[in-house]
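To be precise, the following lines are coords05.cif, and they hold mmCIF, C-alpha atoms and all ligand atoms.
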```
data_upload
#
loop_
_atom_site.group_PDB
_atom_site.id
_atom_site.type_symbol
_atom_site.label_atom_id
_atom_site.label_comp_id
_atom_site.auth_asym_id
_atom_site.auth_seq_id
_atom_site.Cartn_x
_atom_site.Cartn_y
_atom_site.Cartn_z
ATOM 1 C CA MET A 41 0.000 0.000 0.000
ATOM 2 C CA PRO A 42 1.186 3.586 -0.613
ATOM 3 C CA ALA A 43 2.879 5.284 2.313
ATOM 4 C CA VAL A 44 2.975 8.917 3.415
ATOM 5 C CA ASN A 45 5.675 10.475 5.594
ATOM 6 C CA THR A 46 4.491 11.821 8.955
ATOM 7 C CA VAL A 47 6.561 13.402 11.729
ATOM 8 C CA SER A 48 6.807 10.001 13.414
ATOM 9 C CA GLY A 49 7.671 8.099 10.216
ATOM 10 C CA PRO A 50 5.894 6.625 7.197
ATOM 11 C CA ILE A 51 2.317 5.351 7.540
ATOM 12 C CA ASP A 52 -0.010 3.540 5.144
ATOM 13 C CA THR A 53 -2.395 5.995 3.463
ATOM 14 C CA ALA A 54 -5.238 3.687 4.580
ATOM 15 C CA ASP A 55 -4.377 4.660 8.179
ATOM 16 C CA LEU A 56 -4.757 8.426 7.642
ATOM 17 C CA GLY A 57 -8.400 8.302 8.760
ATOM 18 C CA PHE A 58 -10.210 11.551 9.592
ATOM 19 C CA THR A 59 -7.750 14.197 8.404
ATOM 20 C CA LEU A 60 -7.735 17.956 9.002
ATOM 21 C CA MET A 61 -5.987 19.076 5.819
ATOM 22 C CA HIS A 62 -4.829 22.609 6.734
ATOM 23 C CA GLU A 63 -3.804 23.424 10.295
ATOM 24 C CA HIS A 64 -0.727 24.644 12.182
ATOM 25 C CA ILE A 65 0.973 23.692 15.433
ATOM 26 C CA ILE A 66 2.882 26.950 15.835
ATOM 27 C CA VAL A 67 2.712 30.181 13.851
ATOM 28 C CA GLU A 68 5.186 32.934 14.639
ATOM 29 C CA SER A 69 7.009 35.206 12.204
ATOM 30 C CA PRO A 70 10.384 33.709 11.223
ATOM 31 C CA GLY A 71 13.231 34.789 13.483
ATOM 32 C CA VAL A 72 11.141 36.457 16.213
ATOM 33 C CA LYS A 73 11.010 33.762 18.894
ATOM 34 C CA GLU A 74 14.576 32.751 17.984
ATOM 35 C CA ASN A 75 15.766 36.239 18.946
ATOM 36 C CA PHE A 76 13.428 37.568 21.638
ATOM 37 C CA PRO A 77 12.221 35.901 24.865
ATOM 38 C CA ILE A 78 8.553 35.902 23.833
ATOM 39 C CA ILE A 79 7.504 32.299 24.437
ATOM 40 C CA ASP A 80 7.850 29.653 27.117
ATOM 41 C CA ARG A 81 8.683 26.750 24.816
ATOM 42 C CA GLU A 82 8.000 23.973 27.329
ATOM 43 C CA ALA A 83 4.607 25.404 28.269
ATOM 44 C CA GLU A 84 3.599 25.903 24.631
ATOM 45 C CA ILE A 85 4.592 22.319 23.754
ATOM 46 C CA ASP A 86 2.425 21.015 26.615
ATOM 47 C CA LYS A 87 -0.526 23.213 25.655
ATOM 48 C CA ALA A 88 -0.253 22.152 22.007
ATOM 49 C CA ALA A 89 -0.061 18.444 22.895
ATOM 50 C CA ALA A 90 -3.196 18.830 25.053
ATOM 51 C CA LYS A 91 -5.072 20.460 22.152
ATOM 52 C CA LEU A 92 -4.092 17.615 19.803
ATOM 53 C CA LYS A 93 -5.172 15.001 22.359
ATOM 54 C CA ASP A 94 -8.513 16.797 22.674
ATOM 55 C CA VAL A 95 -9.239 16.600 18.964
ATOM 56 C CA MET A 96 -7.988 12.992 18.759
ATOM 57 C CA GLU A 97 -10.652 12.093 21.340
ATOM 58 C CA ARG A 98 -13.194 13.556 18.917
ATOM 59 C CA GLY A 99 -12.170 11.091 16.195
ATOM 60 C CA VAL A 100 -9.576 13.092 14.253
ATOM 61 C CA ASN A 101 -6.641 10.843 13.320
ATOM 62 C CA THR A 102 -4.317 13.053 11.250
ATOM 63 C CA LEU A 103 -3.473 16.726 11.077
ATOM 64 C CA VAL A 104 -1.643 18.312 8.147
ATOM 65 C CA ASP A 105 0.563 21.138 9.455
ATOM 66 C CA LEU A 106 0.847 23.416 6.432
ATOM 67 C CA THR A 107 3.331 25.836 7.977
ATOM 68 C CA PRO A 108 5.624 26.842 5.100
ATOM 69 C CA GLY A 109 9.329 25.958 5.174
ATOM 70 C CA ASP A 110 10.528 29.428 6.141
ATOM 71 C CA TRP A 111 8.124 29.520 9.141
ATOM 72 C CA ARG A 112 8.601 25.997 10.531
ATOM 73 C CA ASP A 113 9.866 24.852 13.924
ATOM 74 C CA ILE A 114 10.212 21.109 13.360
ATOM 75 C CA PRO A 115 11.973 20.309 16.679
ATOM 76 C CA LEU A 116 8.984 21.817 18.524
ATOM 77 C CA VAL A 117 6.456 19.993 16.304
ATOM 78 C CA LYS A 118 8.346 16.723 16.881
ATOM 79 C CA GLU A 119 8.015 17.118 20.642
ATOM 80 C CA VAL A 120 4.298 17.987 20.374
ATOM 81 C CA VAL A 121 3.771 14.849 18.271
ATOM 82 C CA ARG A 122 5.720 12.714 20.760
ATOM 83 C CA ARG A 123 3.643 13.965 23.704
ATOM 84 C CA SER A 124 0.262 13.764 21.924
ATOM 85 C CA GLY A 125 0.543 10.713 19.679
ATOM 86 C CA MET A 126 -1.226 12.561 16.826
ATOM 87 C CA GLN A 127 -0.326 11.679 13.220
ATOM 88 C CA VAL A 128 1.067 14.928 11.799
ATOM 89 C CA ILE A 129 2.229 15.562 8.228
ATOM 90 C CA VAL A 130 4.509 18.600 7.766
ATOM 91 C CA ALA A 131 5.227 20.668 4.671
ATOM 92 C CA THR A 132 8.056 22.120 2.683
ATOM 93 C CA GLY A 133 7.560 25.314 0.650
ATOM 94 C CA ILE A 134 7.750 29.088 1.032
ATOM 95 C CA TYR A 135 5.116 31.661 2.076
ATOM 96 C CA TRP A 136 3.813 34.408 -0.272
ATOM 97 C CA GLU A 137 5.914 37.037 1.532
ATOM 98 C CA VAL A 138 8.955 35.611 -0.273
ATOM 99 C CA PRO A 139 12.173 35.924 1.791
ATOM 100 C CA HIS A 140 14.981 37.855 0.083
ATOM 101 C CA HIS A 141 17.069 34.681 -0.306
ATOM 102 C CA PHE A 142 14.627 33.243 -2.847
ATOM 103 C CA ARG A 143 13.824 36.356 -4.852
ATOM 104 C CA SER A 144 14.572 36.747 -8.541
ATOM 105 C CA ILE A 145 17.006 39.621 -7.938
ATOM 106 C CA THR A 146 19.416 37.271 -6.107
ATOM 107 C CA GLY A 147 20.312 35.522 -9.366
ATOM 108 C CA ARG A 148 19.333 32.180 -7.788
ATOM 109 C CA ASN A 149 17.202 30.137 -10.168
ATOM 110 C CA ILE A 150 13.934 28.242 -9.712
ATOM 111 C CA ASP A 151 15.671 24.849 -9.825
ATOM 112 C CA TYR A 152 17.742 25.879 -6.803
ATOM 113 C CA ILE A 153 14.515 26.432 -4.811
ATOM 114 C CA ALA A 154 12.924 23.220 -6.130
ATOM 115 C CA GLU A 155 16.004 21.229 -5.053
ATOM 116 C CA LEU A 156 15.662 22.515 -1.472
ATOM 117 C CA PHE A 157 12.028 21.359 -1.440
ATOM 118 C CA VAL A 158 13.009 17.952 -2.873
ATOM 119 C CA LYS A 159 15.683 17.596 -0.198
ATOM 120 C CA ASP A 160 13.093 18.242 2.548
ATOM 121 C CA ILE A 161 10.870 15.545 1.023
ATOM 122 C CA GLN A 162 13.459 12.895 0.199
ATOM 123 C CA ASP A 163 16.253 13.351 2.770
ATOM 124 C CA GLY A 164 14.494 15.184 5.588
ATOM 125 C CA ILE A 165 14.326 18.691 7.039
ATOM 126 C CA MET A 166 17.750 19.862 8.276
ATOM 127 C CA ASP A 167 18.963 17.293 10.857
ATOM 128 C CA THR A 168 15.514 16.523 12.347
ATOM 129 C CA GLY A 169 15.023 13.197 10.582
ATOM 130 C CA VAL A 170 11.515 14.407 9.628
ATOM 131 C CA LYS A 171 10.512 14.273 5.954
ATOM 132 C CA ALA A 172 8.007 16.709 4.457
ATOM 133 C CA GLY A 173 4.853 15.002 3.120
ATOM 134 C CA ILE A 174 3.295 17.924 1.250
ATOM 135 C CA ILE A 175 4.324 21.132 -0.553
ATOM 136 C CA LYS A 176 2.835 24.459 0.575
ATOM 137 C CA CYS A 177 2.856 27.555 -1.597
ATOM 138 C CA ALA A 178 0.904 30.762 -1.328
ATOM 139 C CA THR A 179 -0.590 33.621 -3.299
ATOM 140 C CA ASP A 180 -2.391 36.450 -1.515
ATOM 141 C CA GLU A 181 -4.056 39.714 -2.526
ATOM 142 C CA PRO A 182 -1.012 41.051 -4.469
ATOM 143 C CA GLY A 183 -1.469 38.094 -6.841
ATOM 144 C CA VAL A 184 1.117 36.036 -8.700
ATOM 145 C CA THR A 185 4.039 38.458 -8.422
ATOM 146 C CA GLN A 186 7.356 37.608 -10.078
ATOM 147 C CA ASP A 187 8.732 36.143 -6.842
ATOM 148 C CA VAL A 188 5.526 34.291 -5.922
ATOM 149 C CA GLU A 189 5.530 32.762 -9.412
ATOM 150 C CA ARG A 190 9.067 31.442 -8.798
ATOM 151 C CA ILE A 191 7.823 29.654 -5.660
ATOM 152 C CA LEU A 192 4.784 28.223 -7.497
ATOM 153 C CA ARG A 193 7.038 26.925 -10.287
ATOM 154 C CA ALA A 194 9.554 25.488 -7.811
ATOM 155 C CA SER A 195 6.655 23.775 -5.999
ATOM 156 C CA ALA A 196 5.423 22.298 -9.294
ATOM 157 C CA LYS A 197 8.897 20.981 -10.140
ATOM 158 C CA ALA A 198 9.403 19.479 -6.671
ATOM 159 C CA HIS A 199 5.930 17.912 -6.886
ATOM 160 C CA ARG A 200 6.650 16.293 -10.257
ATOM 161 C CA ALA A 201 10.049 15.046 -9.013
ATOM 162 C CA THR A 202 8.647 13.499 -5.817
ATOM 163 C CA SER A 203 4.866 13.058 -6.369
ATOM 164 C CA VAL A 204 4.144 14.684 -3.006
ATOM 165 C CA PRO A 205 0.915 16.753 -3.311
ATOM 166 C CA ILE A 206 0.711 20.550 -3.405
ATOM 167 C CA SER A 207 -1.576 22.544 -1.083
ATOM 168 C CA THR A 208 -1.932 26.285 -1.455
ATOM 169 C CA HIS A 209 -2.927 29.467 0.341
ATOM 170 C CA THR A 210 -5.067 31.838 -1.712
ATOM 171 C CA HIS A 211 -7.036 35.066 -1.456
ATOM 172 C CA ALA A 212 -10.372 33.667 -2.638
ATOM 173 C CA ALA A 213 -12.003 37.084 -3.232
ATOM 174 C CA SER A 214 -9.514 37.838 -6.023
ATOM 175 C CA GLU A 215 -9.859 34.305 -7.468
ATOM 176 C CA VAL A 216 -6.094 33.719 -7.455
ATOM 177 C CA GLY A 217 -6.673 29.961 -7.263
ATOM 178 C CA LEU A 218 -7.298 29.980 -11.016
ATOM 179 C CA LYS A 219 -4.006 31.810 -11.586
ATOM 180 C CA GLN A 220 -2.178 29.252 -9.457
ATOM 181 C CA GLN A 221 -3.733 26.517 -11.597
ATOM 182 C CA ASP A 222 -2.490 28.312 -14.753
ATOM 183 C CA VAL A 223 1.103 28.278 -13.449
ATOM 184 C CA PHE A 224 0.903 24.630 -12.333
ATOM 185 C CA GLU A 225 -0.639 23.609 -15.651
ATOM 186 C CA SER A 226 2.169 25.323 -17.569
ATOM 187 C CA GLU A 227 4.603 23.197 -15.525
ATOM 188 C CA GLY A 228 2.765 20.018 -16.560
ATOM 189 C CA VAL A 229 1.168 19.404 -13.158
ATOM 190 C CA ASP A 230 -1.845 17.089 -12.950
ATOM 191 C CA LEU A 231 -4.231 19.520 -11.223
ATOM 192 C CA SER A 232 -5.892 16.674 -9.334
ATOM 193 C CA ARG A 233 -2.682 16.548 -7.253
ATOM 194 C CA VAL A 234 -3.335 20.083 -5.981
ATOM 195 C CA VAL A 235 -5.511 21.451 -3.158
ATOM 196 C CA ILE A 236 -6.475 25.099 -3.738
ATOM 197 C CA GLY A 237 -6.663 26.302 -0.153
ATOM 198 C CA HIS A 238 -8.834 28.911 1.580
ATOM 199 C CA SER A 239 -11.475 28.437 -1.120
ATOM 200 C CA GLY A 240 -14.059 28.243 1.648
ATOM 201 C CA ASP A 241 -13.641 31.984 2.249
ATOM 202 C CA THR A 242 -16.032 32.673 -0.654
ATOM 203 C CA GLU A 243 -19.673 31.815 -1.339
ATOM 204 C CA ASP A 244 -19.105 32.149 -5.086
ATOM 205 C CA THR A 245 -19.862 28.637 -6.271
ATOM 206 C CA ASN A 246 -19.104 29.590 -9.889
ATOM 207 C CA TYR A 247 -15.484 30.233 -8.917
ATOM 208 C CA LEU A 248 -15.362 27.060 -6.800
ATOM 209 C CA ARG A 249 -16.788 24.932 -9.613
ATOM 210 C CA LYS A 250 -14.204 26.300 -12.051
ATOM 211 C CA LEU A 251 -11.402 25.207 -9.681
ATOM 212 C CA CYS A 252 -12.923 21.739 -9.255
ATOM 213 C CA ASP A 253 -13.776 21.258 -12.929
ATOM 214 C CA ARG A 254 -10.086 21.705 -13.759
ATOM 215 C CA GLY A 255 -9.429 18.737 -11.466
ATOM 216 C CA SER A 256 -8.226 20.278 -8.194
ATOM 217 C CA TYR A 257 -9.487 19.764 -4.678
ATOM 218 C CA ILE A 258 -10.627 22.857 -2.814
ATOM 219 C CA GLY A 259 -9.874 23.594 0.843
ATOM 220 C CA MET A 260 -12.986 24.591 2.815
ATOM 221 C CA ASP A 261 -10.433 25.195 5.465
ATOM 222 C CA ARG A 262 -11.003 28.264 7.590
ATOM 223 C CA PHE A 263 -13.852 27.145 9.860
ATOM 224 C CA GLY A 264 -13.991 29.400 12.903
ATOM 225 C CA ILE A 265 -12.717 32.518 11.110
ATOM 226 C CA ASP A 266 -16.116 34.165 10.965
ATOM 227 C CA ILE A 267 -14.540 37.585 10.353
ATOM 228 C CA PHE A 268 -13.592 36.365 6.833
ATOM 229 C CA LEU A 269 -16.910 34.540 6.218
ATOM 230 C CA GLU A 270 -19.616 33.615 8.745
ATOM 231 C CA ASN A 271 -19.991 29.965 9.650
ATOM 232 C CA GLU A 272 -23.567 29.743 8.322
ATOM 233 C CA LYS A 273 -22.367 30.872 4.888
ATOM 234 C CA ARG A 274 -19.452 28.402 4.904
ATOM 235 C CA ILE A 275 -21.893 25.585 5.766
ATOM 236 C CA ALA A 276 -24.427 26.663 3.126
ATOM 237 C CA THR A 277 -21.715 26.844 0.443
ATOM 238 C CA ILE A 278 -20.513 23.303 1.190
ATOM 239 C CA ALA A 279 -24.104 21.997 1.226
ATOM 240 C CA LYS A 280 -24.718 23.669 -2.140
ATOM 241 C CA MET A 281 -21.498 22.244 -3.620
ATOM 242 C CA CYS A 282 -22.414 18.763 -2.291
ATOM 243 C CA GLY A 283 -25.821 19.128 -3.925
ATOM 244 C CA MET A 284 -24.088 19.846 -7.246
ATOM 245 C CA GLY A 285 -21.954 16.711 -6.927
ATOM 246 C CA TYR A 286 -18.686 18.203 -5.630
ATOM 247 C CA ALA A 287 -18.277 16.333 -2.311
ATOM 248 C CA GLU A 288 -15.423 14.412 -3.938
ATOM 249 C CA LYS A 289 -13.512 17.657 -4.430
ATOM 250 C CA MET A 290 -13.681 19.287 -0.978
ATOM 251 C CA VAL A 291 -11.568 18.901 2.152
ATOM 252 C CA LEU A 292 -12.348 20.454 5.558
ATOM 253 C CA SER A 293 -10.123 22.266 8.054
ATOM 254 C CA HIS A 294 -9.757 25.383 10.256
ATOM 255 C CA ASP A 295 -6.313 26.881 9.421
ATOM 256 C CA ALA A 296 -6.091 27.158 13.217
ATOM 257 C CA ALA A 297 -2.930 26.966 15.293
ATOM 258 C CA CYS A 298 -2.114 25.813 18.825
ATOM 259 C CA TYR A 299 0.092 28.897 19.206
ATOM 260 C CA PHE A 300 -0.656 31.887 16.955
ATOM 261 C CA GLY A 301 1.643 34.880 17.262
ATOM 262 C CA TRP A 302 -0.339 37.228 15.018
ATOM 263 C CA VAL A 303 -2.991 38.022 17.649
ATOM 264 C CA ASP A 304 -2.628 38.269 21.419
ATOM 265 C CA PRO A 305 -4.634 35.349 22.961
ATOM 266 C CA PRO A 306 -7.257 37.529 24.769
ATOM 267 C CA LEU A 307 -8.027 39.390 21.536
ATOM 268 C CA ARG A 308 -8.109 36.125 19.564
ATOM 269 C CA GLU A 309 -10.603 34.720 22.063
ATOM 270 C CA ARG A 310 -12.787 37.805 21.574
ATOM 271 C CA ILE A 311 -12.757 38.080 17.760
ATOM 272 C CA VAL A 312 -12.551 34.401 16.688
ATOM 273 C CA PRO A 313 -13.727 32.321 19.690
ATOM 274 C CA ASN A 314 -14.553 29.277 17.508
ATOM 275 C CA TRP A 315 -11.185 29.122 15.784
ATOM 276 C CA HIS A 316 -9.767 25.857 17.137
ATOM 277 C CA PHE A 317 -9.367 22.216 16.072
ATOM 278 C CA ASN A 318 -12.528 20.990 17.864
ATOM 279 C CA TYR A 319 -14.912 23.234 15.968
ATOM 280 C CA ILE A 320 -15.384 20.890 12.968
ATOM 281 C CA PRO A 321 -16.130 17.733 14.988
ATOM 282 C CA ASP A 322 -18.237 19.564 17.599
ATOM 283 C CA ASN A 323 -20.163 22.121 15.508
ATOM 284 C CA VAL A 324 -19.481 22.020 11.776
ATOM 285 C CA LEU A 325 -20.334 18.352 11.150
ATOM 286 C CA PRO A 326 -23.704 18.569 12.978
ATOM 287 C CA ALA A 327 -24.476 21.792 11.064
ATOM 288 C CA LEU A 328 -23.610 20.123 7.742
ATOM 289 C CA ARG A 329 -25.936 17.207 8.573
ATOM 290 C CA GLU A 330 -28.674 19.675 9.387
ATOM 291 C CA ALA A 331 -28.083 21.371 6.030
ATOM 292 C CA GLY A 332 -28.703 18.077 4.244
ATOM 293 C CA VAL A 333 -25.121 16.843 3.751
ATOM 294 C CA THR A 334 -25.136 13.057 4.052
ATOM 295 C CA GLU A 335 -22.951 10.876 6.272
ATOM 296 C CA ASP A 336 -21.337 9.460 3.111
ATOM 297 C CA GLN A 337 -20.475 12.939 1.861
ATOM 298 C CA ILE A 338 -18.958 13.852 5.243
ATOM 299 C CA ARG A 339 -16.823 10.722 5.158
ATOM 300 C CA THR A 340 -15.767 11.562 1.596
ATOM 301 C CA MET A 341 -14.612 15.059 2.606
ATOM 302 C CA THR A 342 -12.918 14.099 5.866
ATOM 303 C CA VAL A 343 -11.492 10.616 5.164
ATOM 304 C CA GLU A 344 -11.637 9.501 1.512
ATOM 305 C CA ASN A 345 -10.483 12.722 -0.175
ATOM 306 C CA PRO A 346 -7.416 13.190 2.071
ATOM 307 C CA ARG A 347 -6.489 9.561 1.450
ATOM 308 C CA ARG A 348 -6.883 9.990 -2.327
ATOM 309 C CA ILE A 349 -4.755 13.154 -2.266
ATOM 310 C CA PHE A 350 -1.823 11.321 -0.645
ATOM 311 C CA GLU A 351 -2.419 7.991 -2.353
ATOM 312 C CA LYS A 352 -1.657 8.948 -5.953
ATOM 313 C CA GLN A 353 2.085 8.407 -6.172
ATOM 314 C CA GLY A 354 4.968 8.222 -8.630
ATOM 315 C CA ALA A 355 7.111 10.998 -10.129
ATOM 316 C CA TYR A 356 6.083 12.139 -13.606
HETATM 317 ZN ZN ZN A 401 -2.468 28.211 6.987
#
```
Using the file provided, produce a representation of the structure as structure tokens.
Ligand SMILES: [Zn+2]
Amino acid sequence: MPAVNTVSGPIDTADLGFTLMHEHIIVESPGVKENFPIIDREAEIDKAAAKLKDVMERGVNTLVDLTPGDWRDIPLVKEVVRRSGMQVIVATGIYWEVPHHFRSITGRNIDYIAELFVKDIQDGIMDTGVKAGIIKCATDEPGVTQDVERILRASAKAHRATSVPISTHTHAASEVGLKQQDVFESEGVDLSRVVIGHSGDTEDTNYLRKLCDRGSYIGMDRFGIDIFLENEKRIATIAKMCGMGYAEKMVLSHDAACYFGWVDPPLRERIVPNWHFNYIPDNVLPALREAGVTEDQIRTMTVENPRRIFEKQGAY
């Protein structure tokens, strides 16, 4: 059976089970906690492990940590995995705020970036012994800039060299998912190996259908961030897409993090109180059922689609 690399080693794709396809263990701007005494590492590891155990008790088996390569803290993630027992898949890739080192002006080429991604996937990330199981790349409101395009192309090349799937960050309102697909297509990528992320931030089912009809999966992956789109609208959009036959193209997640440095915890609690890993099992799934989504369709989105995404293998 095909295997996928997790933080604790390879597992059979049949054992992925209920998978949250876009989450984070720790999100803090690169270099900040390495240079200022802003976090109590031990305490954060314990808190994170407790949150993973909580969601495991609710039937979630695997969490995909889509923190891009330049933002990762794999030693911390390793310890959280050891203490919680959760199956966690980590990513290689670069965020849309492209670090200077990878920009076009440096004279470094796209193959150089792709080779770093391939190394993370095939040999492991630095000296952690952990291999990346997915490639993350990102396009936000500024669109496919010259430097973002380099990262998308490097991701496509690393994907074709390794067969590891691609999962993206997008700004759904500006429909950049379609532009990402254009770049991937021009690199010969089979678009069914790609998840266009943050697609659940829009109710525009015409846009969502276009993404799916080209073969990609779409991430309905920001449950709990009501300030981007209210929960009722996210639920209604999924129910509508299921009704049109697209359950086989959607995956569910929160884009939540155990530790999130962008907002001070008291403020986070006030503006996005539902933004945590338990929200889908506790609230979203019952709401989907109420909206007419069947048990089969829920299983497709939470178990079968993630398995299919990781199961297709072989460089091409
Ligand atoms: Zn994310």
Give the residues close to ligand ZN 401 (chain A), within 7 Å, counting only C-alpha atoms and all ligand atoms; write them as a PDB file with C-alpha atoms, in the coordinates of the input.
```pdb
ATOM      1  CA  HIS A  62      -4.829  22.609   6.734  1.00  0.00           C
ATOM      2  CA  GLU A  63      -3.804  23.424  10.295  1.00  0.00           C
ATOM      3  CA  HIS A  64      -0.727  24.644  12.182  1.00  0.00           C
ATOM      4  CA  LEU A 106       0.847  23.416   6.432  1.00  0.00           C
ATOM      5  CA  THR A 107       3.331  25.836   7.977  1.00  0.00           C
ATOM      6  CA  HIS A 209      -2.927  29.467   0.341  1.00  0.00           C
ATOM      7  CA  ASP A 295      -6.313  26.881   9.421  1.00  0.00           C
TER       8      ASP A 295
END
```
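Residue nearest A:Tyr152 within the list A:Arg122, A:Ala198, A:Ser226, A:Ile174: A:Ala198 [criterion: smallest interatomic distance, all atoms listed in the file].
If you measure from each of A:Gly169, A:Pro77, A:Gly71, A:Gly99 to A:Asn45 using all atoms listed in the file, the closest one turns out to be A:Gly169.
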- Item | Local residues around (-11.3, 25.4, 10.4), at most 12 Å away, using all atoms listed in the file, as a PyMOL selection string | chain A and resi 59-64+103+237-241+259-266+268-271+274-275+291-297+312-325
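From atom CA of A:Glu137 back to atom CA of A:Pro108, the distance works out to 10.8 Å.
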Around all the atoms of stretch 86-103 of chain A listed in the file, draw an axis-aligned box and extend it by 6 Å on each of the six sides; I want its centre and edge lengths in Å to one decimal, as lines of an AutoDock Vina configuration file.
```
center_x = -5.4
center_y = 17.0
center_z = 18.8
size_x = 27.6
size_y = 24.4
size_z = 27.5
```
- Query: Which residues, written as number ranges by chain, have at least one atom at most 6 Å from stretch 129-135 of chain A, with only C-alpha atoms counted and residues fewer than 4 positions away on the same chain left out?
  - Reply: A: 46-47, 104-106, 108-110, 157, 172-178
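If all atoms listed in the file are the atoms counted, then among A:Glu243, A:Ala194, A:Met341, A:Trp302 the closest residue to A:Pro70 is A:Trp302.
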Per-residue nearest contacts of stretch 100-132 of chain A to stretch 50-53 of chain A (12 Å; all atoms listed in the file) as a Markdown table:
```
| residue | atom | partner | partner_atom | distance |
| --- | --- | --- | --- | --- |
| A:Asn101 | CA | A:Thr53 | CA | 11.8 |
| A:Thr102 | CA | A:Thr53 | CA | 10.7 |
| A:Gln127 | CA | A:Ile51 | CA | 8.9 |
| A:Val128 | CA | A:Ile51 | CA | 10.6 |
| A:Ile129 | CA | A:Pro50 | CA | 9.7 |
```
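Nearest to A:Gly125 of all the residues A:Ser48, A:Asp55, A:Gln337, A:Glu189 is A:Ser48, counting all atoms listed in the file.
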- Determine the residue set returned by the PyMOL selection byres (((chain A and resi 91) around 12) and not hetatm) for the present structure, and present it as a PyMOL selection string. chain A and resi 64-65+84-90+92-98+100+103+120-121+123-126+296-299+316-319
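Here atom CA of A:Gly183 and atom CA of A:Ser214 stand 8.1 Å from one another.
Of the listed residues A:Pro42, A:Pro182, A:Pro115, A:Pro205, the one whose atoms come nearest to A:Ile349 is A:Pro205, with distances taken using all atoms listed in the file.
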- Item | Coordinates-based distance that separates atom CA of A:Met290 from atom CA of A:Arg249 (Å, one decimal) | 10.8 Å
- Between A:Gly49, A:Leu328, A:Pro139, A:Lys289, which one has atoms that come closest to A:Ser69, using only C-alpha atoms? A:Pro139
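Within the 9 Å cut-off around A:Met281, using all atoms listed in the file and omitting residues fewer than 4 positions from it on the same chain, the listed residues are Thr245, Leu248, Arg249, Ala276, Thr277, Gly285, Tyr286, Ala287 and Met290 of chain A.
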I need the chosen residues saved as a short mmCIF file (atom, residue, chain, number, x, y, z; two decimals), in the frame of the given file, with C-alpha atoms.
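Output (again33.cif):
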```
data_model
loop_
_atom_site.label_atom_id
_atom_site.label_comp_id
_atom_site.auth_asym_id
_atom_site.auth_seq_id
_atom_site.Cartn_x
_atom_site.Cartn_y
_atom_site.Cartn_z
CA THR A 245 -19.86 28.64 -6.27
CA LEU A 248 -15.36 27.06 -6.80
CA ARG A 249 -16.79 24.93 -9.61
CA ALA A 276 -24.43 26.66 3.13
CA THR A 277 -21.72 26.84 0.44
CA GLY A 285 -21.95 16.71 -6.93
CA TYR A 286 -18.69 18.20 -5.63
CA ALA A 287 -18.28 16.33 -2.31
CA MET A 290 -13.68 19.29 -0.98
#
```
- Return as number ranges by chain the set of residues that the PyMOL selection byres (((chain A and resi 211) around 7) and not hetatm) yields on the displayed structure. A: 179-181, 210, 212-216
